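Here the structure comes first, spelled out in structure tokens, and everything after it is commentary.
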Amino acid sequence: MHEQLPRRLASDRLFEGRVIAVRADRLLYPDGTEHTVEVVEHRGAYGIIATTERDEIVLVRQYRGPAGRALWEIPAGTAEPNEDPLDGAARELREETGYRAASMRALGALFTTPGFCDELMYFFHAERLQRGAQSLDDDERIEVGQFTLEEARRMALQGAIADAKTVLALLWLQGDRNQLAPSTVDI
């Protein structure tokens, strides 16, 4: 069965920022109706599930303006234009935590919030970590911590971990630790 998708009739740029852009698409649906959909454009991101030799998860704590508070999260960051996802994930891990991984494995990619945003996050598992110095951007204030899976689970229940990518990482760590998502996503 072939699904009929809406056809884009027009697209208007509403905003162009440093990290995101916003557009409004006018769509024609197969039933003949037209609707406008607002889309946040994002060039993609990486989420890194970094584990130590003692099987602790490495988390970073930073202030998140939209949430209005500091959260503990897996290391993650925005892709640079034309960047290889593995290279980008290694870069983000190194910049945010100071760690370098002797082994990084791709776990797949997922849309973070497909109801309004086209951001695709590539997930990686980083192991055999070597400590180093952080390389933070001017606007970053990041604390690094290592937690057992049980400690991280309690943090999630208490609200210190409150983002989907990190909760997903904790679920993956509690499971069989195979692939997390499809290795490729058709866009």
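The chains in the structure tokens are called A, B, ... from first to last as shown; in each chain the residues are counted from 1, and the ligands are counted from 1 in the order shown.
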* To do: Check chain A with DSSP on the backbone and list each residue it calls strand (DSSP E or B), as a ChimeraX atom specification.
  => /A:7-16,20-28,34-42,45-51,57-64,69-73,76-78,100-111,117,120-130,143-147
* To do: Identify, on the basis of only C-alpha atoms, every residue whose closest approach to A:Lys165 does not exceed 10 Å; exclude the query and any residue fewer than 5 positions from it along the same chain; express the result as number ranges by chain.
  => A: 47-49, 73-76, 110, 112, 121, 123, 170-171
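Excluding stretch 60-67 of chain A itself and any same-chain residue fewer than 5 positions from it, the protein and nucleic acid residues within 8 Å of it, counting only C-alpha atoms, are A:Trp72, A:Glu73, A:Ile74, A:Pro75, A:Glu96, A:Thr97, A:Glu140, A:Arg141, A:Ile142, A:Glu143, A:Val144, A:Gly145.
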Please dump the current selection as a compact mmCIF listing (two decimals), in the first residue's frame; keep N, CA and C atoms.
# COMPACT_ATOMS: atom_id res chain seq x y z
N TRP A 72 20.80 17.49 33.94
CA TRP A 72 21.81 16.50 33.62
C TRP A 72 21.37 15.79 32.34
N GLU A 73 22.28 15.66 31.38
CA GLU A 73 21.97 15.06 30.08
C GLU A 73 23.17 14.26 29.58
N ILE A 74 22.91 13.41 28.57
CA ILE A 74 24.04 12.81 27.88
C ILE A 74 24.72 13.93 27.08
N PRO A 75 26.03 13.84 26.83
CA PRO A 75 26.68 14.82 25.98
C PRO A 75 26.01 14.82 24.60
N GLU A 96 32.56 18.86 25.26
CA GLU A 96 31.71 19.00 26.44
C GLU A 96 32.27 18.33 27.69
N THR A 97 32.96 17.19 27.51
CA THR A 97 33.40 16.42 28.68
C THR A 97 34.90 16.37 28.84
N GLU A 140 28.97 28.35 27.09
CA GLU A 140 28.74 27.07 27.77
C GLU A 140 29.37 27.05 29.16
N ARG A 141 28.59 26.58 30.11
CA ARG A 141 29.04 26.33 31.48
C ARG A 141 28.60 24.91 31.80
N ILE A 142 29.50 23.94 31.64
CA ILE A 142 29.12 22.53 31.71
C ILE A 142 29.88 21.83 32.82
N GLU A 143 29.13 21.18 33.69
CA GLU A 143 29.67 20.32 34.74
C GLU A 143 29.60 18.89 34.24
N VAL A 144 30.62 18.09 34.51
CA VAL A 144 30.68 16.70 34.07
C VAL A 144 30.59 15.79 35.28
N GLY A 145 29.79 14.72 35.17
CA GLY A 145 29.68 13.75 36.25
C GLY A 145 29.57 12.34 35.72
* Might you pull out every residue within 6 Å of stretch 6-21 of chain A, with only C-alpha atoms counted and same-chain residues fewer than 4 positions away left off, and present them as a ChimeraX atom specification? => /A:25-29,40-42
For the residues in that selection, give me C-alpha atoms as a PDB file, in the first residue's frame.
ATOM      1  CA  ASP A  25       4.811  25.381   4.439  1.00  0.00           C
ATOM      2  CA  ARG A  26       1.459  25.514   2.676  1.00  0.00           C
ATOM      3  CA  LEU A  27       0.443  21.912   1.994  1.00  0.00           C
ATOM      4  CA  LEU A  28      -2.181  20.392  -0.272  1.00  0.00           C
ATOM      5  CA  TYR A  29      -3.537  17.173   1.235  1.00  0.00           C
ATOM      6  CA  VAL A  40      11.693  24.412  12.766  1.00  0.00           C
ATOM      7  CA  GLU A  41      14.735  23.562  10.644  1.00  0.00           C
ATOM      8  CA  HIS A  42      17.803  22.179  12.422  1.00  0.00           C
TER       9      HIS A  42
END
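Every protein, DNA or RNA residue with an atom at most 9 Å from A:Leu149, where only C-alpha atoms count and chain neighbours fewer than 2 positions away do not, is listed here: Asp55, Glu56, Ile57, Phe147, Glu151, Ala152, Arg153, Arg154, Leu170, Leu173 and Gln174 of chain A.
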Can you spit out the residues from that selection as a PDB file, in the first residue's frame, using N, CA and C atoms?
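File again-v3.pdb, as written:
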ATOM      1  N   ASP A  55      31.192   0.885  33.982  1.00  0.00           N
ATOM      2  CA  ASP A  55      29.842   0.940  33.432  1.00  0.00           C
ATOM      3  C   ASP A  55      29.015   2.083  34.027  1.00  0.00           C
ATOM      4  N   GLU A  56      29.672   3.177  34.344  1.00  0.00           N
ATOM      5  CA  GLU A  56      28.973   4.391  34.753  1.00  0.00           C
ATOM      6  C   GLU A  56      28.696   5.218  33.499  1.00  0.00           C
ATOM      7  N   ILE A  57      27.608   5.969  33.532  1.00  0.00           N
ATOM      8  CA  ILE A  57      27.285   6.841  32.407  1.00  0.00           C
ATOM      9  C   ILE A  57      27.829   8.231  32.687  1.00  0.00           C
ATOM     10  N   PHE A 147      27.862   8.558  36.748  1.00  0.00           N
ATOM     11  CA  PHE A 147      26.818   8.025  37.602  1.00  0.00           C
ATOM     12  C   PHE A 147      26.564   6.559  37.289  1.00  0.00           C
ATOM     13  N   GLU A 151      21.884   5.362  40.047  1.00  0.00           N
ATOM     14  CA  GLU A 151      21.892   6.788  40.399  1.00  0.00           C
ATOM     15  C   GLU A 151      21.209   7.621  39.326  1.00  0.00           C
ATOM     16  N   ALA A 152      21.506   7.325  38.061  1.00  0.00           N
ATOM     17  CA  ALA A 152      20.897   8.072  36.958  1.00  0.00           C
ATOM     18  C   ALA A 152      19.387   7.835  36.900  1.00  0.00           C
ATOM     19  N   ARG A 153      18.961   6.618  37.162  1.00  0.00           N
ATOM     20  CA  ARG A 153      17.524   6.325  37.176  1.00  0.00           C
ATOM     21  C   ARG A 153      16.826   7.150  38.257  1.00  0.00           C
ATOM     22  N   ARG A 154      17.431   7.223  39.449  1.00  0.00           N
ATOM     23  CA  ARG A 154      16.856   8.040  40.536  1.00  0.00           C
ATOM     24  C   ARG A 154      16.819   9.512  40.142  1.00  0.00           C
ATOM     25  N   LEU A 170      19.178   5.951  29.010  1.00  0.00           N
ATOM     26  CA  LEU A 170      19.090   5.106  30.200  1.00  0.00           C
ATOM     27  C   LEU A 170      18.328   3.816  29.896  1.00  0.00           C
ATOM     28  N   LEU A 173      20.665   1.549  28.007  1.00  0.00           N
ATOM     29  CA  LEU A 173      21.663   0.943  28.893  1.00  0.00           C
ATOM     30  C   LEU A 173      21.076  -0.198  29.715  1.00  0.00           C
ATOM     31  N   GLN A 174      19.787  -0.135  30.016  1.00  0.00           N
ATOM     32  CA  GLN A 174      19.139  -1.201  30.786  1.00  0.00           C
ATOM     33  C   GLN A 174      18.740  -2.387  29.912  1.00  0.00           C
TER      34      GLN A 174
END
* How far is it from atom CA of A:Asp139 to atom CA of A:Ala162, in Å with one decimal? -> 21.5 Å
What's around A:Tyr46 at 9 Å? Count only C-alpha atoms, leave out sequence neighbours fewer than 4 positions away in its own chain, and write the answer as a CSV table (one decimal) with C-alpha atoms, in the first residue's frame.
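Result file follows (part.csv):
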chain,number,residue,atom,x,y,z
A,75,PRO,CA,26.7,14.8,26.0
A,76,ALA,CA,25.1,16.1,22.8
A,77,GLY,CA,25.4,18.9,20.3
A,78,THR,CA,24.6,20.4,16.9
A,79,ALA,CA,26.2,19.1,13.7
A,85,PRO,CA,28.3,12.1,12.2
A,86,LEU,CA,31.0,9.9,13.8
A,88,GLY,CA,30.9,15.2,15.0
A,89,ALA,CA,30.0,12.9,17.9
A,92,GLU,CA,31.0,17.0,20.9
A,109,ALA,CA,19.2,8.1,14.3
A,120,LEU,CA,17.6,14.2,13.3
A,121,MET,CA,19.8,13.1,16.2
A,122,TYR,CA,22.5,10.5,15.6
A,123,PHE,CA,23.2,8.3,18.7
A,124,PHE,CA,26.6,6.8,19.5
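When atom CA of A:Asp137 is paired with atom CA of A:Val58, their separation reads 19.4 Å.
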